[in-house]
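Okay, data.cif is below, mmCIF, C-alpha atoms:
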```
data_protein
#
loop_
_atom_site.label_atom_id
_atom_site.label_comp_id
_atom_site.auth_asym_id
_atom_site.auth_seq_id
_atom_site.Cartn_x
_atom_site.Cartn_y
_atom_site.Cartn_z
CA MET A 147 0.00 0.00 0.00
CA GLU A 148 1.31 3.45 -0.86
CA LYS A 149 2.34 5.74 1.99
CA LYS A 150 0.09 8.72 2.61
CA ARG A 151 1.65 11.85 1.17
CA ASN A 152 2.44 14.74 3.48
CA ARG A 153 1.82 18.44 2.71
CA LEU A 154 5.29 19.12 1.32
CA GLU A 155 5.01 16.14 -1.04
CA ILE A 156 1.55 17.15 -2.27
CA ILE A 157 2.76 20.69 -2.98
CA ARG A 158 5.77 19.30 -4.88
CA ASP A 159 3.52 16.94 -6.89
CA ILE A 160 1.10 19.72 -7.90
CA LEU A 161 3.96 22.00 -8.93
CA ASN A 162 5.58 19.16 -10.88
CA VAL A 163 2.32 18.51 -12.72
CA ILE A 164 2.17 22.18 -13.76
CA ARG A 165 5.85 22.32 -14.73
CA ASN A 166 5.58 19.17 -16.83
CA ARG A 167 2.81 20.82 -18.86
CA ASN A 168 5.14 23.63 -19.94
CA GLY A 169 4.33 25.62 -16.82
CA LYS A 170 0.63 26.14 -17.66
CA ILE A 171 -2.27 23.90 -16.79
CA LYS A 172 -6.05 23.81 -16.35
CA PRO A 173 -7.47 22.78 -12.98
CA THR A 174 -9.09 19.64 -14.42
CA HIS A 175 -5.66 18.32 -15.40
CA ILE A 176 -4.30 19.04 -11.94
CA LEU A 177 -7.23 17.17 -10.44
CA TYR A 178 -6.59 14.21 -12.70
CA LYS A 179 -2.81 14.08 -12.23
CA SER A 180 -2.44 15.01 -8.57
CA ASN A 181 -4.74 12.36 -7.14
CA LEU A 182 -6.63 14.72 -4.83
CA SER A 183 -10.30 15.39 -4.14
CA HIS A 184 -11.73 18.57 -5.68
CA GLN A 185 -11.98 20.26 -2.31
CA MET A 186 -8.41 19.37 -1.35
CA MET A 187 -7.11 20.54 -4.70
CA THR A 188 -8.90 23.90 -4.37
CA GLU A 189 -7.43 24.38 -0.89
CA TYR A 190 -3.93 23.57 -2.09
CA LEU A 191 -4.24 25.82 -5.14
CA ASP A 192 -5.38 28.70 -2.93
CA GLU A 193 -2.41 28.07 -0.65
CA LEU A 194 0.01 27.92 -3.57
CA LYS A 195 -1.37 31.18 -4.96
CA GLU A 196 -1.04 32.82 -1.55
CA LYS A 197 2.57 31.62 -1.27
CA GLY A 198 3.38 32.89 -4.74
CA PHE A 199 4.24 29.46 -6.18
CA ILE A 200 1.61 29.77 -8.90
CA THR A 201 -0.52 32.48 -10.52
CA GLU A 202 -4.04 32.17 -11.83
CA MET A 203 -5.05 33.42 -15.25
CA LYS A 204 -8.70 33.73 -16.25
CA THR A 205 -9.49 33.36 -19.92
CA LYS A 206 -12.62 32.73 -21.98
CA GLN A 207 -11.76 29.04 -21.90
CA GLY A 208 -11.64 29.07 -18.10
CA ARG A 209 -8.91 29.25 -15.46
CA THR A 210 -5.27 28.39 -16.07
CA TYR A 211 -2.54 28.03 -13.48
CA ILE A 212 1.01 29.10 -14.22
CA ILE A 213 4.04 28.08 -12.17
CA THR A 214 6.25 30.98 -10.98
CA GLU A 215 10.03 31.17 -10.46
CA LYS A 216 9.39 30.64 -6.75
CA GLY A 217 7.45 27.48 -7.53
CA ILE A 218 10.26 26.13 -9.73
CA ASN A 219 12.78 26.99 -7.00
CA TYR A 220 10.65 25.03 -4.51
CA ILE A 221 10.81 21.91 -6.71
CA ASN A 222 14.57 22.28 -7.17
CA GLN A 223 15.24 22.79 -3.47
CA TYR A 224 12.61 20.29 -2.29
CA SER A 225 15.06 17.75 -0.85
CA LEU A 226 16.71 20.49 1.24
CA VAL A 227 13.34 21.56 2.68
CA VAL A 228 12.42 17.96 3.51
CA ASP A 229 15.83 17.21 5.05
CA PHE A 230 15.58 20.26 7.27
CA ALA A 231 11.98 19.49 8.26
CA ASN A 232 12.87 15.88 9.09
CA SER A 233 16.02 16.71 11.03
CA PHE A 234 14.40 19.38 13.21
CA GLY A 235 10.95 17.84 13.50
CA LEU A 236 9.06 20.55 11.65
CA ASP A 237 5.58 19.53 10.69
CA SER A 238 5.67 18.42 7.07
CA MET B 100 35.79 33.37 46.41
CA THR B 101 34.16 36.71 45.69
CA HIS B 102 34.31 35.83 41.99
CA ALA B 103 32.73 32.45 42.60
CA PHE B 104 29.90 34.07 44.52
CA LEU B 105 29.28 36.77 41.92
CA TYR B 106 29.06 34.51 38.92
CA ASN B 107 28.06 31.24 40.50
CA SER B 108 31.13 30.13 38.63
CA PRO B 109 34.47 28.75 39.82
CA VAL B 110 37.28 31.25 39.26
CA TRP B 111 39.11 28.92 36.88
CA PHE B 112 36.04 28.74 34.63
CA LEU B 113 35.75 32.52 34.12
CA GLY B 114 36.31 33.27 30.47
CA TYR B 115 35.65 29.69 29.33
CA ASP B 116 31.97 30.26 30.05
CA ILE B 117 31.96 33.37 27.86
CA PHE B 118 33.69 31.47 25.08
CA LEU B 119 31.08 28.70 25.24
CA GLU B 120 28.23 31.21 25.28
CA VAL B 121 29.62 32.83 22.12
CA VAL B 122 29.83 29.38 20.49
CA PHE B 123 26.21 28.62 21.50
CA ALA B 124 25.12 32.00 20.10
CA LEU B 125 26.83 31.24 16.77
CA VAL B 126 25.38 27.71 16.48
CA THR B 127 21.84 28.89 17.23
CA LEU B 128 22.27 31.84 14.85
CA ALA B 129 23.33 29.43 12.09
CA VAL B 130 20.22 27.31 12.71
CA ALA B 131 18.02 30.43 12.70
CA LEU B 132 19.49 31.74 9.43
CA TYR B 133 19.17 28.35 7.75
CA SER B 134 15.61 28.08 8.97
CA PHE B 135 14.83 31.48 7.42
CA LYS B 136 16.42 30.25 4.18
CA ILE B 137 14.08 27.23 4.25
CA TYR B 138 11.17 29.58 4.96
CA LYS B 139 12.11 31.68 1.93
CA ILE B 140 12.02 28.59 -0.28
CA SER B 141 8.98 26.82 1.16
CA ASP B 142 6.92 29.56 2.83
CA GLN B 143 6.38 26.94 5.54
CA ARG B 144 5.04 28.53 8.73
CA GLU B 145 6.89 26.11 11.03
CA SER B 146 10.30 27.01 9.62
CA ARG B 147 9.59 30.70 10.31
CA ILE B 148 8.61 29.98 13.94
CA PHE B 149 11.64 27.71 14.31
CA GLY B 150 13.88 30.46 12.94
CA ILE B 151 12.40 33.09 15.25
CA SER B 152 12.84 30.84 18.30
CA PHE B 153 16.48 30.06 17.50
CA LEU B 154 17.15 33.72 16.76
CA SER B 155 15.77 34.60 20.18
CA ILE B 156 17.94 31.90 21.79
CA SER B 157 20.96 33.23 19.90
CA ILE B 158 20.26 36.77 21.15
CA SER B 159 19.95 35.36 24.68
CA TYR B 160 23.43 33.77 24.55
CA SER B 161 24.93 36.87 22.92
CA LEU B 162 23.58 39.12 25.68
CA TRP B 163 24.80 36.69 28.33
CA ALA B 164 28.29 36.61 26.84
CA ILE B 165 28.47 40.39 26.41
CA LEU B 166 27.26 41.20 29.92
CA ASN B 167 29.43 38.46 31.44
CA GLY B 168 32.32 39.93 29.49
CA PHE B 169 31.66 43.37 31.00
CA ALA B 170 31.51 41.83 34.47
CA VAL B 171 34.79 39.93 34.02
CA SER B 172 36.53 43.00 32.63
CA LYS B 173 35.46 44.95 35.74
CA LEU B 174 36.95 42.27 37.97
CA LEU B 175 40.14 41.90 35.96
CA ASN B 176 40.79 45.59 36.38
CA GLU B 177 43.93 45.61 38.56
CA SER B 178 42.88 48.53 40.69
CA TYR B 179 39.34 47.32 41.15
CA CYS B 180 37.45 48.75 44.06
CA PHE B 181 34.06 48.27 45.70
CA LEU B 182 32.35 50.09 42.80
CA ASP B 183 33.86 47.67 40.30
CA ILE B 184 32.61 44.67 42.28
CA LYS B 185 29.17 46.27 42.54
CA SER B 186 28.92 47.01 38.82
CA ALA B 187 30.31 43.54 38.03
CA THR B 188 27.50 42.05 40.16
CA ILE B 189 24.92 44.15 38.30
CA PHE B 190 26.29 43.18 34.88
CA SER B 191 26.43 39.52 35.90
CA ALA B 192 22.85 39.48 37.20
CA LEU B 193 21.58 41.48 34.23
CA GLY B 194 23.35 39.04 31.92
CA ILE B 195 21.64 36.05 33.48
CA TYR B 196 18.17 37.66 33.56
CA THR B 197 18.20 38.96 29.99
CA HIS B 198 19.65 35.67 28.80
CA ILE B 199 16.92 33.60 30.44
CA LEU B 200 14.21 36.01 29.30
CA PHE B 201 15.17 35.74 25.61
CA PHE B 202 15.81 32.02 26.06
CA LEU B 203 12.27 31.64 27.42
CA ILE B 204 10.80 33.59 24.50
CA GLY B 205 12.61 31.19 22.15
CA LEU B 206 11.32 28.17 24.06
CA ILE B 207 7.75 29.54 24.10
CA ALA B 208 7.87 29.81 20.29
CA LEU B 209 9.26 26.25 20.02
CA THR B 210 6.63 24.88 22.42
CA TYR B 211 3.91 26.63 20.42
CA MET B 212 5.28 25.03 17.25
CA THR B 213 5.33 21.53 18.74
CA LEU B 214 1.70 21.92 19.88
CA LYS B 215 0.81 22.09 16.15
CA VAL B 216 -1.94 24.64 16.61
CA LYS B 217 -2.62 27.88 14.78
CA SER B 218 -3.95 30.32 17.34
CA SER B 219 -2.51 33.62 18.46
CA LYS B 220 -4.67 33.31 21.61
CA ILE B 221 -2.89 30.11 22.67
CA PHE B 222 0.49 31.70 21.99
CA SER B 223 -0.46 34.78 24.04
CA LEU B 224 -1.68 32.56 26.87
CA ILE B 225 1.57 30.55 27.06
CA PHE B 226 3.54 33.79 26.78
CA ALA B 227 1.62 35.48 29.62
CA LEU B 228 1.68 32.38 31.86
CA VAL B 229 5.44 32.08 31.55
CA ILE B 230 6.74 35.63 31.25
CA LEU B 231 4.52 37.50 33.73
CA PRO B 232 5.29 35.31 36.79
CA ALA B 233 8.94 35.24 35.74
CA LEU B 234 9.01 39.03 35.84
CA LEU B 235 7.03 39.41 39.05
CA ILE B 236 8.44 36.69 41.29
CA GLU B 237 11.39 37.66 43.47
CA GLU B 238 13.50 34.50 43.12
CA LYS B 239 13.83 35.13 39.37
CA HIS B 240 16.95 33.06 38.90
CA ILE B 241 15.42 29.77 40.04
CA VAL B 242 11.95 30.44 38.63
CA LEU B 243 13.25 31.32 35.17
CA TYR B 244 15.39 28.19 35.00
CA LEU B 245 12.49 26.10 36.28
CA PHE B 246 10.13 27.50 33.61
CA SER B 247 12.63 26.84 30.86
CA SER B 248 13.01 23.24 32.11
CA VAL B 249 9.23 22.74 31.99
CA LEU B 250 9.00 24.17 28.46
CA LEU B 251 11.88 21.94 27.38
CA LEU B 252 9.97 18.94 28.72
CA PHE B 253 7.02 19.87 26.47
CA ILE B 254 9.34 20.24 23.50
CA ILE B 255 10.94 16.85 24.24
CA ALA B 256 7.46 15.29 24.42
CA GLY B 257 6.72 16.86 21.01
CA TYR B 258 9.83 15.25 19.53
CA ILE B 259 8.88 11.86 21.02
CA ASP B 260 5.47 12.17 19.30
CA GLU B 261 7.17 13.13 16.05
CA TYR B 262 9.40 10.06 16.22
CA ARG B 263 6.59 7.70 17.17
CA SER B 264 4.11 8.92 14.57
CA LYS B 265 6.47 9.18 11.59
CA LYS B 266 9.26 6.77 12.61
CA ASN B 267 11.54 9.60 11.60
CA LYS B 268 15.05 8.61 12.78
CA LYS B 269 16.62 11.88 11.66
CA VAL B 270 14.82 13.72 14.43
CA LEU B 271 16.54 11.66 17.14
CA LEU B 272 19.65 13.86 17.19
CA THR B 273 17.53 16.94 17.79
CA PHE B 274 15.54 15.04 20.40
CA PHE B 275 18.72 14.14 22.35
CA ALA B 276 19.96 17.72 21.97
CA PHE B 277 16.85 18.98 23.75
CA VAL B 278 17.24 16.29 26.43
CA PHE B 279 20.76 17.58 27.15
CA LEU B 280 19.47 21.15 27.11
CA PHE B 281 16.83 20.15 29.64
CA PHE B 282 19.41 18.63 32.01
CA GLY B 283 21.64 21.65 31.47
CA ARG B 284 18.87 24.10 32.40
CA PHE B 285 17.76 21.99 35.34
CA ASP B 286 21.34 21.83 36.50
CA PHE B 287 21.66 25.65 36.52
CA ILE B 288 19.00 25.79 39.27
CA PHE B 289 21.58 24.43 41.73
CA THR B 290 24.44 26.79 40.87
CA LYS B 291 23.74 28.80 44.02
CA HIS B 292 24.62 25.78 46.15
CA ASN B 293 27.69 24.65 44.26
CA PRO B 294 29.49 26.55 41.48
CA LEU B 295 30.42 23.28 39.79
CA PHE B 296 26.79 23.00 38.64
CA TYR B 297 27.45 26.13 36.54
CA VAL B 298 30.29 24.30 34.80
CA ALA B 299 28.22 21.12 34.36
CA GLY B 300 25.34 23.19 32.93
CA HIS B 301 27.62 24.70 30.30
CA PHE B 302 29.09 21.28 29.52
CA LEU B 303 25.64 19.70 29.03
CA GLU B 304 24.57 22.59 26.81
CA MET B 305 27.75 22.17 24.80
CA ILE B 306 26.79 18.55 24.04
CA ALA B 307 23.29 19.73 23.08
CA TYR B 308 24.59 22.32 20.61
CA VAL B 309 27.14 19.91 19.14
CA LEU B 310 24.22 17.56 18.34
CA ILE B 311 22.21 20.41 16.82
CA LEU B 312 25.22 21.47 14.78
CA ILE B 313 25.68 17.88 13.51
CA SER B 314 22.01 17.85 12.41
CA LEU B 315 22.45 21.15 10.58
CA VAL B 316 25.71 20.11 8.92
CA GLU B 317 24.07 16.86 7.74
CA VAL B 318 21.29 18.88 6.10
CA ILE B 319 23.82 21.18 4.42
CA ILE B 320 26.02 18.29 3.25
CA ASN B 321 23.04 16.42 1.74
CA LYS B 322 22.84 19.21 -0.81
CA PRO B 323 19.62 19.67 -2.77
CA LYS B 324 19.40 17.16 -5.54
CA LYS B 325 17.32 18.65 -8.30
CA SER B 326 14.14 16.62 -8.40
CA LEU B 327 13.43 15.02 -11.73
CA PRO B 328 10.45 16.17 -13.73
#
```
Rewrite the coordinates I just gave you, this time as structure tokens.
Amino acid sequence: MEKKRNRLEIIRDILNVIRNRNGKIKPTHILYKSNLSHQMMTEYLDELKEKGFITEMKTKQGRTYIITEKGINYINQYSLVVDFANSFGLDS
Amino acid sequence: MTHAFLYNSPVWFLGYDIFLEVVFALVTLAVALYSFKIYKISDQRESRIFGISFLSISISYSLWAILNGFAVSKLLNESYCFLDIKSATIFSALGIYTHILFFLIGLIALTYMTLKVKSSKIFSLIFALVILPALLIEEKHIVLYLFSSVLLLFIIAGYIDEYRSKKNKKVLLTFFAFVFLFFGRFDFIFTKHNPLFYVAGHFLEMIAYVLILISLVEVIINKPKKSLP
């Protein structure tokens, strides 16, 4: 059975999904690829917007999410964040 | 013996204590700065609280070292008189009080973090319950050390929970560091009865900060590997 993902992992997975789609994605694709409920996904997307990891663009075709430099930096430095959180017992 | 009485420290240990306090200040500052770096990357609330608490602890050791340094310099003055001894006593006492006060603020933030709650009311309550009595009670020295020991016990319990729930072995070093810090703080309570407790307290804290430094160095050495797309 797969281990339950923690918050840091879920954030990394969502950002990876966006990055792998050339940095732009529609929410339905995130929902499909990130393996989250709709409510959970909305909460995470709001959090990611608030943190500046992604931006939201509204078009006639609907909403699109774009990964920012900060979001890419998070993916690149992810192992450092996890190592620090694990070593010092920060809630991850 | 006057020196021993003033500092609760054996004469031979004067100066070594200041050196250790500077080392503790630098180690905790390094942890705080790294924590802020992690916060900048992840925007993770816990890393900000962790950074603030270690920064406060670093300030506490810095103030202790500086004020202890002033006190020692007064006593090393060859022509020292009654006024020098008096001001040395004031600097020494001020050093201990400001140190413990900032140390407590750091521990309150850490305790709040380990409680895993998000409420400014709870933080204010812990803050008021710890700081107000510490400021008002006459036997400040003992009370402040006692409060920091109690807060350290809560933090240790938090690390035990962390280990048990996530089977996270990496956290064990930090857990033992806080155990040594607890015994170090508890030990300081008895410095009035025997100055050797002051030495033992510094020694125990040194072990604690060596463990924390090892944890930090391990994180830095395990450099970020770029995650694959």
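Residues matched by the PyMOL selection byres ((chain A and resi 175-182) around 10) in this file are Ile156, Ile157, Arg158, Asp159, Ile160, Leu161, Asn162, Val163, Ile164, Arg167, Ile171, Lys172, Pro173, Thr174, Ser183, His184, Gln185, Met186, Met187, Thr188, Tyr190, Leu191 and Tyr211 of chain A.
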Next item on the list: Select residues of chain A: the criterion is any atom within 10 Å of an atom of chain B, counting all atoms listed in the file; output as a ChimeraX atom specification.
Entry: /A:154,157-159,161-163,165-166,194,196-199,216-238
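For the pair atom CA of B:Leu206 and atom CA of B:Ser152, the separation is 6.5 Å.
Atom to atom, atom CA of B:Lys185 and atom CA of B:Asn167 stand 13.6 Å apart.
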Checklist line | the PyMOL selection byres ((chain B and resi 295) around 12) resolved against shown file, as an MDAnalysis selection string | finding: chainID B and resid 103:104 106:112 286:294 296:302
Margin query: Under the PyMOL selection byres ((chain A and resi 212) around 6), which residues of this model are included? Write them out as a VMD selection string.
Written below: chain A and resid 169 to 170 200 to 201 211 213
Notebook entry, point to check: What lies within 8 Å of stretch 222-228 of chain B using all atoms listed in the file, ignoring chain neighbours under 4 positions off, as a VMD selection string?
Noted result: chain B and resid 204 207 to 208 211 218 232
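Between atom CA of B:Ala170 and atom CA of B:Ser186 the separation is 7.2 Å.
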